[in-house]
Structure formats: C-alpha cells, structure tokens
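Below is work_16.txt, which holds compact mmCIF, C-alpha atoms and all ligand atoms.
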# COMPACT_ATOMS: atom_id res chain seq x y z
CA MET A 1 24.72 -1.83 49.35
CA SER A 2 23.52 -4.76 47.36
CA PHE A 3 21.29 -7.75 47.85
CA PRO A 4 19.49 -8.38 50.17
CA GLU A 5 19.01 -4.66 50.87
CA GLN A 6 18.68 -3.92 47.16
CA ARG A 7 15.62 -5.51 45.64
CA PRO A 8 14.64 -3.93 42.31
CA ARG A 9 11.59 -6.17 42.23
CA ARG A 10 9.97 -3.98 44.92
CA LEU A 11 9.09 -1.43 42.28
CA ARG A 12 7.48 -4.00 40.02
CA ARG A 13 4.97 -5.57 42.32
CA SER A 14 1.75 -3.90 41.27
CA PRO A 15 0.41 -2.26 38.15
CA ALA A 16 0.12 1.02 40.05
CA MET A 17 3.73 0.83 41.20
CA ARG A 18 4.98 0.02 37.71
CA ARG A 19 2.96 2.85 36.31
CA MET A 20 4.48 5.30 38.76
CA VAL A 21 8.06 4.40 37.91
CA ALA A 22 7.63 4.00 34.15
CA GLU A 23 10.39 5.93 32.41
CA THR A 24 8.66 6.05 29.06
CA ARG A 25 5.02 6.66 28.20
CA LEU A 26 2.91 6.87 25.13
CA HIS A 27 0.58 9.75 24.48
CA PRO A 28 -1.63 10.37 21.44
CA ALA A 29 0.40 13.51 20.74
CA ASP A 30 3.47 11.30 20.21
CA LEU A 31 1.83 9.56 17.29
CA ILE A 32 1.62 10.49 13.62
CA LEU A 33 -0.66 8.57 11.28
CA PRO A 34 0.59 7.87 7.74
CA VAL A 35 -2.30 7.67 5.25
CA PHE A 36 -2.67 6.78 1.59
CA VAL A 37 -5.08 8.56 -0.71
CA ARG A 38 -5.63 7.22 -4.18
CA GLU A 39 -7.01 9.18 -7.06
CA GLY A 40 -10.14 7.86 -8.74
CA LEU A 41 -11.35 5.51 -6.03
CA THR A 42 -15.01 5.32 -5.15
CA GLU A 43 -14.49 2.97 -2.19
CA PRO A 44 -11.52 2.56 0.15
CA VAL A 45 -9.36 -0.35 -1.01
CA PRO A 46 -7.84 -2.65 1.62
CA ILE A 47 -4.09 -3.22 1.36
CA SER A 48 -3.74 -6.99 1.63
CA SER A 49 -0.23 -6.96 3.09
CA MET A 50 -1.28 -4.38 5.70
CA PRO A 51 -4.49 -5.73 7.20
CA GLY A 52 -6.60 -2.87 8.55
CA VAL A 53 -4.91 -0.22 6.40
CA VAL A 54 -6.57 1.07 3.24
CA GLN A 55 -6.00 3.26 0.26
CA HIS A 56 -8.43 6.06 0.97
CA THR A 57 -10.82 7.80 -1.32
CA GLU A 58 -10.67 11.55 -1.09
CA ALA A 59 -13.80 11.42 1.07
CA SER A 60 -12.68 8.63 3.41
CA LEU A 61 -9.36 10.42 3.87
CA LEU A 62 -11.23 13.29 5.48
CA THR A 63 -13.04 10.93 7.82
CA ALA A 64 -9.70 9.41 8.83
CA ALA A 65 -8.27 12.88 9.38
CA GLU A 66 -11.20 13.84 11.59
CA GLU A 67 -10.77 10.68 13.58
CA ALA A 68 -7.06 11.43 13.99
CA ARG A 69 -7.93 14.91 15.19
CA ASP A 70 -10.57 13.67 17.62
CA LEU A 71 -8.12 11.15 19.06
CA GLY A 72 -5.58 13.89 19.72
CA LEU A 73 -2.88 12.55 17.41
CA ALA A 74 0.09 14.77 16.67
CA GLY A 75 -0.34 14.72 12.96
CA ILE A 76 -1.11 12.97 9.74
CA MET A 77 1.38 12.17 6.96
CA LEU A 78 -0.14 12.11 3.48
CA PHE A 79 0.92 9.89 0.61
CA GLY A 80 -0.82 10.35 -2.74
CA ILE A 81 -1.30 7.80 -5.50
CA PRO A 82 -2.09 9.32 -8.90
CA THR A 83 -3.98 7.71 -11.77
CA THR A 84 -1.31 8.67 -14.31
CA ARG A 85 2.44 8.64 -13.95
CA ASP A 86 5.30 9.85 -16.10
CA ALA A 87 9.08 9.86 -16.03
CA GLN A 88 9.17 13.28 -14.33
CA GLY A 89 6.55 12.60 -11.70
CA SER A 90 4.57 15.63 -12.91
CA ALA A 91 1.45 14.72 -10.94
CA GLY A 92 3.39 15.45 -7.77
CA LEU A 93 3.96 19.05 -8.80
CA ASP A 94 0.49 19.76 -10.13
CA PRO A 95 -1.37 21.95 -7.63
CA GLN A 96 -4.48 19.98 -8.60
CA GLY A 97 -2.71 16.60 -8.36
CA ILE A 98 -4.01 14.06 -5.88
CA LEU A 99 -1.50 14.83 -3.14
CA ASN A 100 -1.67 18.61 -3.27
CA ARG A 101 -5.43 18.60 -3.55
CA SER A 102 -5.67 16.24 -0.57
CA ILE A 103 -3.31 18.38 1.50
CA ARG A 104 -5.64 21.30 0.86
CA ALA A 105 -8.77 19.33 1.76
CA VAL A 106 -7.29 17.89 4.95
CA LYS A 107 -5.87 21.24 5.98
CA ASP A 108 -9.29 22.85 5.51
CA ARG A 109 -11.00 20.14 7.51
CA VAL A 110 -8.71 19.55 10.49
CA GLY A 111 -5.75 21.85 10.00
CA GLU A 112 -6.27 23.82 13.18
CA ASP A 113 -5.90 20.85 15.49
CA LEU A 114 -3.74 18.41 13.61
CA VAL A 115 -0.36 18.91 11.95
CA VAL A 116 -0.79 18.16 8.26
CA MET A 117 2.40 16.69 6.78
CA SER A 118 3.18 15.61 3.26
CA ASP A 119 5.62 13.13 1.82
CA LEU A 120 7.96 15.02 -0.48
CA CYS A 121 9.20 12.42 -2.91
CA LEU A 122 8.68 11.40 -6.51
CA ASP A 123 8.35 7.65 -6.23
CA GLU A 124 4.56 7.57 -6.13
CA PHE A 125 4.42 9.78 -9.19
CA THR A 126 7.07 8.39 -11.53
CA ASP A 127 6.39 5.60 -14.02
CA HIS A 128 9.75 4.02 -13.11
CA GLY A 129 9.05 4.20 -9.39
CA HIS A 130 12.30 5.89 -8.40
CA CYS A 131 12.43 8.75 -5.92
CA GLY A 132 14.06 11.03 -8.46
CA LEU A 133 14.68 11.67 -12.13
CA VAL A 134 16.52 8.93 -13.98
CA ASP A 135 19.32 9.87 -16.41
CA GLU A 136 20.31 8.17 -19.68
CA ALA A 137 22.58 5.78 -17.83
CA GLY A 138 19.60 4.66 -15.76
CA GLU A 139 20.85 6.27 -12.56
CA VAL A 140 18.90 8.56 -10.31
CA ASP A 141 20.22 12.05 -11.05
CA ASN A 142 20.73 13.74 -7.71
CA ASP A 143 21.08 17.36 -8.75
CA ALA A 144 18.36 17.35 -11.39
CA THR A 145 16.02 15.84 -8.81
CA LEU A 146 16.74 18.62 -6.35
CA GLU A 147 15.17 21.17 -8.65
CA VAL A 148 12.00 19.12 -8.79
CA TYR A 149 11.93 18.69 -5.02
CA ALA A 150 12.24 22.45 -4.58
CA GLU A 151 9.21 23.00 -6.76
CA MET A 152 7.31 20.18 -5.10
CA GLY A 153 8.00 21.59 -1.65
CA VAL A 154 6.63 24.96 -2.66
CA ALA A 155 3.54 23.34 -4.22
CA GLN A 156 2.88 21.44 -0.99
CA ALA A 157 3.35 24.52 1.18
CA GLU A 158 1.06 26.43 -1.14
CA ALA A 159 -1.53 23.66 -0.77
CA GLY A 160 -1.35 24.19 2.98
CA ALA A 161 1.06 21.57 4.30
CA ASP A 162 2.13 22.41 7.85
CA VAL A 163 5.28 20.32 7.43
CA VAL A 164 7.00 18.96 4.34
CA ALA A 165 8.89 15.69 4.68
CA PRO A 166 11.50 14.96 2.00
CA SER A 167 12.02 11.20 1.95
CA GLY A 168 14.06 10.71 -1.23
CA MET A 169 17.56 10.70 0.31
CA MET A 170 19.02 12.99 -2.37
CA ASP A 171 22.15 14.79 -1.17
CA GLY A 172 21.40 18.44 -0.49
CA GLN A 173 17.63 18.08 -0.54
CA VAL A 174 16.98 19.87 2.73
CA ALA A 175 19.01 22.96 1.78
CA VAL A 176 17.39 23.26 -1.62
CA ILE A 177 13.87 22.86 -0.29
CA ARG A 178 14.54 25.33 2.52
CA GLN A 179 15.78 27.93 0.09
CA ALA A 180 12.84 27.43 -2.25
CA LEU A 181 10.32 27.64 0.58
CA ASP A 182 11.91 30.82 1.89
CA GLU A 183 12.02 32.46 -1.51
CA ALA A 184 8.35 31.67 -2.01
CA GLY A 185 7.44 33.23 1.34
CA HIS A 186 7.05 29.98 3.29
CA GLN A 187 9.69 30.69 5.91
CA HIS A 188 7.35 29.31 8.57
CA VAL A 189 6.96 25.84 7.05
CA PRO A 190 9.23 23.34 8.81
CA ILE A 191 11.08 20.49 7.14
CA LEU A 192 10.96 17.03 8.65
CA ALA A 193 13.99 15.40 7.04
CA TYR A 194 14.10 11.69 6.49
CA ALA A 195 17.73 11.92 7.55
CA ALA A 196 18.75 8.33 8.19
CA LYS A 197 16.59 6.31 5.87
CA TYR A 198 17.83 2.85 5.02
CA ALA A 199 17.23 0.80 1.88
CA SER A 200 15.06 -1.74 3.61
CA GLY A 201 13.11 -4.88 2.96
CA PHE A 202 10.74 -3.65 5.64
CA TYR A 203 9.17 -1.31 3.07
CA GLY A 204 7.77 -4.29 1.17
CA PRO A 205 4.07 -3.82 1.90
CA PHE A 206 4.35 -0.08 1.17
CA ARG A 207 5.00 -1.03 -2.44
CA GLU A 208 1.51 -2.46 -2.62
CA ALA A 209 0.11 0.47 -0.67
CA VAL A 210 1.28 2.99 -3.26
CA ASP A 211 1.08 0.65 -6.26
CA SER A 212 4.82 1.18 -6.73
CA GLN A 213 6.23 0.81 -10.22
CA LEU A 214 9.77 0.22 -8.98
CA LYS A 215 11.67 -2.63 -10.64
CA GLY A 216 15.08 -2.43 -9.00
CA ASP A 217 16.00 -1.08 -5.61
CA ARG A 218 16.98 2.20 -3.99
CA LYS A 219 20.42 1.19 -2.77
CA GLN A 220 22.17 3.96 -4.66
CA TYR A 221 20.46 6.61 -2.57
CA GLN A 222 19.05 5.11 0.60
CA MET A 223 21.49 4.02 3.30
CA ASP A 224 23.11 0.64 3.56
CA ALA A 225 22.04 -1.45 6.56
CA PRO A 226 25.56 -2.19 7.87
CA ASN A 227 26.36 1.48 8.46
CA ARG A 228 25.96 3.24 11.77
CA THR A 229 28.50 6.04 11.79
CA GLU A 230 27.30 7.14 8.38
CA ALA A 231 23.84 7.76 9.84
CA LEU A 232 25.32 10.44 12.08
CA ARG A 233 26.87 12.07 9.05
CA GLU A 234 23.50 12.10 7.30
CA VAL A 235 21.81 13.57 10.37
CA GLU A 236 24.49 16.22 10.85
CA LEU A 237 24.31 17.24 7.21
CA ASP A 238 20.54 17.59 7.36
CA LEU A 239 20.78 19.63 10.55
CA ALA A 240 23.39 21.87 8.92
CA GLU A 241 21.10 22.29 5.91
CA GLY A 242 18.33 23.51 8.19
CA ALA A 243 16.20 20.47 9.03
CA ASP A 244 13.69 21.40 11.70
CA MET A 245 13.14 17.76 12.64
CA VAL A 246 14.95 14.58 11.65
CA MET A 247 13.72 11.05 11.12
CA VAL A 248 15.12 7.57 11.41
CA LYS A 249 13.52 4.86 9.30
CA PRO A 250 12.71 1.98 9.69
CA ALA A 251 12.36 2.02 13.46
CA SER A 252 12.48 -1.36 15.22
CA ALA A 253 15.50 -2.83 13.46
CA TYR A 254 17.33 0.51 13.71
CA LEU A 255 16.94 1.42 17.37
CA ASP A 256 20.71 1.88 17.68
CA ILE A 257 20.55 4.51 14.94
CA LEU A 258 17.62 6.15 16.65
CA SER A 259 19.45 6.25 19.96
CA ASP A 260 22.59 7.70 18.35
CA THR A 261 20.51 10.29 16.53
CA ALA A 262 18.64 11.34 19.65
CA ALA A 263 21.99 11.78 21.39
CA ILE A 264 23.30 14.31 18.89
CA SER A 265 20.13 15.99 17.67
CA ASP A 266 19.09 19.35 19.02
CA VAL A 267 15.79 19.11 17.13
CA PRO A 268 12.91 16.66 17.58
CA VAL A 269 13.55 13.13 16.32
CA SER A 270 10.87 11.08 14.60
CA ALA A 271 10.95 7.37 13.92
CA TYR A 272 8.88 5.58 11.30
CA GLN A 273 7.47 2.19 12.20
CA VAL A 274 7.16 1.12 8.58
CA SER A 275 4.81 -1.09 6.63
CA GLY A 276 6.82 -4.29 7.11
CA GLU A 277 7.04 -3.79 10.86
CA TYR A 278 3.27 -3.43 10.90
CA ALA A 279 2.75 -6.43 8.62
CA MET A 280 4.92 -8.72 10.74
CA ILE A 281 3.03 -7.91 13.92
CA GLU A 282 -0.28 -8.37 12.14
CA ALA A 283 0.73 -11.69 10.64
CA ALA A 284 1.98 -13.14 13.89
CA ALA A 285 -1.02 -11.85 15.81
CA ALA A 286 -3.46 -13.18 13.23
CA ASN A 287 -1.93 -16.60 13.78
CA GLY A 288 -2.36 -16.29 17.51
CA TRP A 289 1.40 -16.41 17.99
CA ILE A 290 1.72 -13.14 19.84
CA ASN A 291 -0.67 -10.95 21.72
CA ARG A 292 -1.38 -8.13 19.34
CA ARG A 293 -2.10 -5.29 21.73
CA THR A 294 0.81 -6.16 24.02
CA VAL A 295 3.27 -6.31 21.15
CA VAL A 296 2.00 -3.19 19.42
CA THR A 297 2.30 -1.24 22.65
CA GLU A 298 5.71 -2.69 23.46
CA SER A 299 7.04 -1.94 19.99
CA LEU A 300 6.03 1.71 20.28
CA ILE A 301 7.35 2.04 23.81
CA ALA A 302 10.67 0.61 22.63
CA ILE A 303 10.88 3.15 19.83
CA ARG A 304 10.15 5.99 22.22
CA ARG A 305 12.58 4.59 24.79
CA ALA A 306 15.35 4.55 22.18
CA GLY A 307 14.88 8.29 21.80
CA ALA A 308 12.06 9.11 19.41
CA THR A 309 10.16 12.27 20.20
CA ASN A 310 7.32 10.95 18.09
CA VAL A 311 6.51 7.92 16.00
CA LEU A 312 4.92 7.55 12.60
CA THR A 313 2.88 4.39 12.83
CA TYR A 314 -0.08 2.79 11.09
CA TYR A 315 -1.28 1.97 14.60
CA ALA A 316 -1.54 5.62 15.63
CA ALA A 317 -5.32 5.90 15.74
CA GLU A 318 -5.91 2.54 17.32
CA VAL A 319 -3.29 3.06 20.02
CA ALA A 320 -4.65 6.50 20.80
CA GLY A 321 -8.01 4.81 21.29
CA TRP A 322 -6.45 2.36 23.75
CA LEU A 323 -4.78 5.17 25.65
CA ARG A 324 -8.08 6.93 25.88
CA GLU A 325 -9.73 3.79 27.26
CA GLU A 326 -7.00 3.33 29.81
CA LEU A 327 -7.26 6.90 30.98
CA ALA A 328 -11.01 6.62 31.16
CA GLY A 329 -10.63 3.97 33.79
CA SER A 330 -10.54 0.56 32.23
CA ARG A 331 -7.27 -0.05 34.00
CA GLY A 332 -6.64 -3.56 35.06
CA SER A 333 -6.99 -4.76 31.53
CA ALA A 334 -4.21 -7.00 30.36
CA SER A 335 -2.31 -4.30 28.61
CA ALA A 336 -2.41 -1.74 31.39
CA SER A 337 -1.36 -4.22 34.04
CA GLY A 338 1.37 -5.60 31.90
CA ALA A 339 0.07 -9.06 32.65
CA GLN A 340 1.20 -11.59 30.14
CA THR A 341 -1.86 -12.76 28.34
CA PRO A 342 -1.27 -16.11 26.78
CA PRO A 343 -0.34 -16.02 23.12
CA SER A 344 -3.45 -18.02 22.47
CA ALA A 345 -5.51 -14.88 23.07
CA PRO A 346 -7.79 -14.51 20.10
CA ALA A 347 -6.34 -12.78 17.14
CA HIS A 348 -8.01 -9.54 16.34
CA PRO A 349 -11.26 -9.79 14.43
CA PRO A 350 -11.36 -9.95 10.67
CA ILE A 351 -9.94 -6.81 9.22
CA GLU A 352 -12.11 -4.16 7.74
CA PRO A 353 -11.29 -0.59 6.96
CA ARG A 354 -11.13 1.02 10.34
CA ARG A 355 -14.30 2.78 11.35
CA PRO A 356 -14.06 6.07 13.09
CA THR A 357 -14.36 5.02 16.69
CA ALA A 358 -13.62 8.29 18.36
CA SER A 359 -16.58 10.02 19.83
CA THR A 360 -16.57 13.27 18.02
CA ARG A 361 -15.80 16.39 19.90
CA PRO A 362 -18.57 18.95 19.57
CA ALA A 363 -17.29 21.83 17.50
CA ASP A 364 -17.84 24.35 20.28
CA GLN A 365 -15.98 22.36 22.90
CA PRO A 366 -12.27 23.04 23.00
CA ARG A 367 -9.94 20.14 23.01
CA THR A 368 -8.51 19.33 26.39
CA ASP A 369 -4.88 19.87 27.11
CA ALA A 370 -2.99 17.81 24.56
CA GLY A 371 -5.88 16.10 22.97
CA PHE A 372 -6.89 13.63 25.60
CA PRO A 373 -10.62 13.56 25.96
CA PRO A 374 -11.90 14.60 29.34
CA VAL A 375 -11.88 11.65 31.68
CA SER A 376 -15.39 11.15 32.90
C1 LIG A 401 9.23 7.07 -0.25
C2 LIG A 401 8.75 6.36 0.97
C3 LIG A 401 8.76 4.98 1.22
C4 LIG A 401 8.17 4.82 2.48
C5 LIG A 401 7.82 6.08 2.95
N1 LIG A 401 8.22 7.02 2.02
C6 LIG A 401 9.16 3.86 0.35
C7 LIG A 401 10.59 3.67 0.04
O1 LIG A 401 11.44 4.47 0.38
O2 LIG A 401 10.88 2.67 -0.63
C8 LIG A 401 7.98 3.52 3.17
C9 LIG A 401 7.01 3.55 4.30
C10 LIG A 401 6.60 2.21 4.77
O3 LIG A 401 7.16 1.17 4.37
O4 LIG A 401 5.70 2.18 5.62
N2 LIG A 401 8.25 7.99 -0.71
Kindly return the structure encoded in the file as structure tokens.
Ligand code: PBG
Amino acid sequence: MSFPEQRPRRLRRSPAMRRMVAETRLHPADLILPVFVREGLTEPVPISSMPGVVQHTEASLLTAAEEARDLGLAGIMLFGIPTTRDAQGSAGLDPQGILNRSIRAVKDRVGEDLVVMSDLCLDEFTDHGHCGLVDEAGEVDNDATLEVYAEMGVAQAEAGADVVAPSGMMDGQVAVIRQALDEAGHQHVPILAYAAKYASGFYGPFREAVDSQLKGDRKQYQMDAPNRTEALREVELDLAEGADMVMVKPASAYLDILSDTAAISDVPVSAYQVSGEYAMIEAAAANGWINRRTVVTESLIAIRRAGATNVLTYYAAEVAGWLREELAGSRGSASASGAQTPPSAPAHPPIEPRRPTASTRPADQPRTDAGFPPVS
C-alpha cells in the first residue's frame, strides 16, 4: 500500500498527535550541567564567549547545585580553576584544592539527589595547559600522566565524587584509574570515560571559561576529526578497561560517532554539547537569526535521537525549567506545539548570571518520581 492510502502527514496534524508519536523526548533526568568554579572569586564572573554561563564562586556554585537538584537534573559536572598552576598540575591532586574542596561542598549540599561528577584531567591545573605531564621533548607523556590520573581519581573519590570523568584521552587511563580506585576502597565509584573525544575547535569558549594556559593544541592525544572507525576502537578499549559509561564529544558535529557508539555500547552513552555549540546558538539567537528556544530544544533532541542516554549541556537547568513549564500546562506555547516562530522573535534578554528560578522543594517533601515537580 502506498499513496493515497498511506499519508504520514496524518500523524502530524496537531500538537497532541505529534506529542503522542514522538520517538524521542527530553526529561530533566537526561541532562547534566557542567559548571565552573574558580578559586578566589568574590563574585561570579560572566564568561563573555558563553553568554549566561559564569565562573562560580564557591558560594554561587552551591546555589547552582541546589537549583540543579530542584530542577531534577541527572547530575552536575565540576570543573575547577585554581589560583596557582605548576607543571605537574599539583592543585588538582591537593585534597584542599579548588576542585576537590568543591566536590566535597557540593556533595554535602545536594549529594543525595544529584549525581556529583568531576572532570579528571590536568589541563585546568597545569601552567602549560596540557592534559598531562610534558616531557623534555615537549610531548605529553602518556604513561607518566597515568600515575597522576590514578592519584587524582582517588583524591576525587575521597572528596565524595559520585562519578569520576577522565577527559584527557591518555591511552590506558580508564584501567589505571579503575585499579587505583579499587585499591583505595572505592570499588563503587563509576568511571564516565570520555571515550571518543575529538580535538575540536568547538572547545574554543571553554578556554576562556577555565582561563586555559594552552599555547598549542591537543592533536597528539585527542582524536582527529576525519576518523570514524577509530572512535569505535577507543570506545571498545575503554569498555574493556572497565568504563561504566562512555562519552562522545563534541555532540552536534559528531552525531554519526554518537550513533555508532550507541550501537555497540552495552553501557550508558553520554554526549557533551560543548562550549562552542552553546556559543554558536547564543550568537545566532542574539542576532535574531534563529529562535533560541526552538533551536536549543531541537539540538538536544537530535543528540538524544542519535543515541545519547544523557547529555552534558550548559542549557541543562534552563531546559529543565522549560520542561517543567510544559508539564505544568503551558502547552500551546510555540515550543510545545512545534510551531515555527519567525526568526525575528526577540532574542533572549540581556545575559546575566542565571538566577535560581526553581521553586525550592521543601526539605521534608520527597522529590516526585524522577525529579519532575508535581503538576498542579
Ligand atoms: C578537558 C576538557 C575540555 C572540555 C571539557 N573537558 C577542553 C579540551 O579538551 O580542550 C571542553 C568542554 C567544552 O568545550 O564545553 N579538561
């Protein structure tokens, strides 16, 4: 049977019909919020290339974590920016360093309801900005770096990280961290492996976010954009080394990699919608060239559709707020109906550090099912 009996448009006629047949949905519990905490700040500092995203103070980090919890997000991924750096990245190992101390504070504050994850990498902590130790020849020394990662993983687990996320793309990093965690009695701490992480221009704004000291590039350790089969090798190796979850990064320009990974992975697959992906949407939206909410939602749906179990995105809190609104009955809005609002729709208002918008859940009231607020 084909046309005229077959008419796929029948299932697209109304918002309610489209909603019923949607194959992919977003839920706050699919979203992980990456956050930056910078040592020595007294006020949050806006990141100019990522409008709406800030470097947090230790205090504002906790507010953001509470907001993430109240919105029912899956988790929070912490990046720390120290005041002093050295060639070894010592501040990343120090139990009192900015990252470890923030892990502890966030875990104490929201750790029962939100998965607290930490970036396990040296680049924020080294004065040369590389993800590992640099040898005399100026190359990143894989095996020497592994020893540091092992120690760093244990320090983060000791600080209370629920998940450690090695992002340095050193060969063997997952196995070494797993062994170190186990030997230190942290058998229960999972590893989210940045398995297929590409050397990407889309990380540009992140450099500002973490005040990166990097001069060159990371092409000797992060993957090369032309390669697809190699990503499967990276994923398989990480799985064999004991990765509990694997990640593909960046997301939007690498949906083929994400789809391939989802097809072979027997563990959850994360995708990271990185700083440059965020910045491009913001820039176009600020010019009135695209509808911000429509494109943000579509970009995340596309990442989920390609196979991501969950998505790390700087939009996590805001999108969870939208989902809450939609559930609470403001359906019929442009985004829920899928109506095309003209690109001339006003750009979002001037950017300020995001205020906690979530109504806070009273401490004695358990969270509903997966974090959605009760629909009243
Ligand atoms: C490395 C790390 C980077 C990002 C996350 N972890 C930078 C890099 O690899 O160059 C980038 C994230 C983003 O761009 O949003 N610690």
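If you measure from each of A:Ala302, A:Leu146, A:Ala184, A:Met152 to Gly172 (chain A) using all atoms listed in the file, the closest one turns out to be A:Leu146.
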Exercise. Smallest atom-to-atom distance to Val164 (chain A): which of A:Ser265, A:Ser90, A:Ser2, A:Ser118, using all atoms listed in the file?
Worked result: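 Between A:Ser265, A:Ser90, A:Ser2, A:Ser118, the residue approaching Val164 (chain A) most closely is A:Ser118.
Note that CA of Ala91 (chain A) and CA of Glu147 (chain A) are 15.3 Å apart.
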Quick one: residues within 7 Å of region 212-228 of chain A, all atoms listed in the file counted, chain neighbours fewer than 2 positions away excluded, as a PDB file with C-alpha atoms, in the frame of the given file?
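So selection-v6.pdb came out as:
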ATOM      1  CA  GLU A 124       4.560   7.570  -6.130  1.00  0.00           C
ATOM      2  CA  ASP A 127       6.390   5.600 -14.020  1.00  0.00           C
ATOM      3  CA  HIS A 128       9.750   4.020 -13.110  1.00  0.00           C
ATOM      4  CA  GLY A 129       9.050   4.200  -9.390  1.00  0.00           C
ATOM      5  CA  HIS A 130      12.300   5.890  -8.400  1.00  0.00           C
ATOM      6  CA  MET A 169      17.560  10.700   0.310  1.00  0.00           C
ATOM      7  CA  MET A 170      19.020  12.990  -2.370  1.00  0.00           C
ATOM      8  CA  LYS A 197      16.590   6.310   5.870  1.00  0.00           C
ATOM      9  CA  TYR A 198      17.830   2.850   5.020  1.00  0.00           C
ATOM     10  CA  ALA A 199      17.230   0.800   1.880  1.00  0.00           C
ATOM     11  CA  ARG A 207       5.000  -1.030  -2.440  1.00  0.00           C
ATOM     12  CA  GLU A 208       1.510  -2.460  -2.620  1.00  0.00           C
ATOM     13  CA  VAL A 210       1.280   2.990  -3.260  1.00  0.00           C
ATOM     14  CA  GLU A 230      27.300   7.140   8.380  1.00  0.00           C
ATOM     15  CA  ALA A 231      23.840   7.760   9.840  1.00  0.00           C
ATOM     16  CA  ILE A 257      20.550   4.510  14.940  1.00  0.00           C
TER      17      ILE A 257
END
For this session: Could you pull out the residues sitting within 9 Å of ligand LIG 401 (chain A), using only C-alpha atoms and all ligand atoms, and write them as an NGL selection string?
Result: :A and (34 or 79 or 119-124 or 130-131 or 166-169 or 194 or 197-207 or 209-210 or 212 or 214 or 217-218 or 222 or 249-250 or 272-278 or 312-314)
For this session: Go through A:Gly52, A:Pro28, A:Pro15, A:Gly153 and flag the residue nearest Ala180 (chain A), using only C-alpha atoms for the distances.
Result: A:Gly153
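Between CA of Ile303 (chain A) and CA of Ala251 (chain A) there is a distance of 6.6 Å.
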For this session: Would you mind listing what lies within 8 Å of Ile81 (chain A) as JSON, numbers by chain, with all atoms listed in the file counted and same-chain residues fewer than 4 positions away left out?
Result: {"A": [36, 37, 38, 39, 98, 99, 124, 125, 210, 211]}
For this session: Point out the residue among A:Gly92, A:Gly329, A:Pro8, A:Gly97 with the least atom-to-atom distance to Ala150 (chain A), counting all atoms listed in the file.
Result: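 Result for the nearest residue to Ala150 (chain A): A:Gly92.
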Problem set entry | Protein, DNA and RNA residues within 12 Å of (13.8, 13.1, 17.7), all atoms listed in the file, as number ranges by chain | A: 30, 192-196, 235, 239, 243-249, 251, 257-272, 303-312
Problem set entry | Atomic distance CA of Gln156 (chain A) - CA of Asn100 (chain A), expressed in Å with one decimal | 5.8 Å
Exercise. Any idea what's packed within 8 Å of region 58-69 of chain A, counting all atoms listed in the file, ignoring anything in its chain fewer than 6 positions away? Could you give it as a VMD selection string?
Worked result: chain A and resid 33 35 to 39 41 44 75 to 76 102 105 to 106 109 to 110 113 to 114 317 356 to 358 360
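Between Gln55 (chain A) and the residues A:Ala159, A:Leu78, A:Ala285, A:Ala165, the shortest atom-to-atom distance, using only C-alpha atoms, involves A:Leu78.
Remark: for Glu151 (chain A), the closest of the candidate residues A:Glu139, A:Glu241, A:Asp256, A:Asp182 is A:Asp182 (distances computed over only C-alpha atoms).
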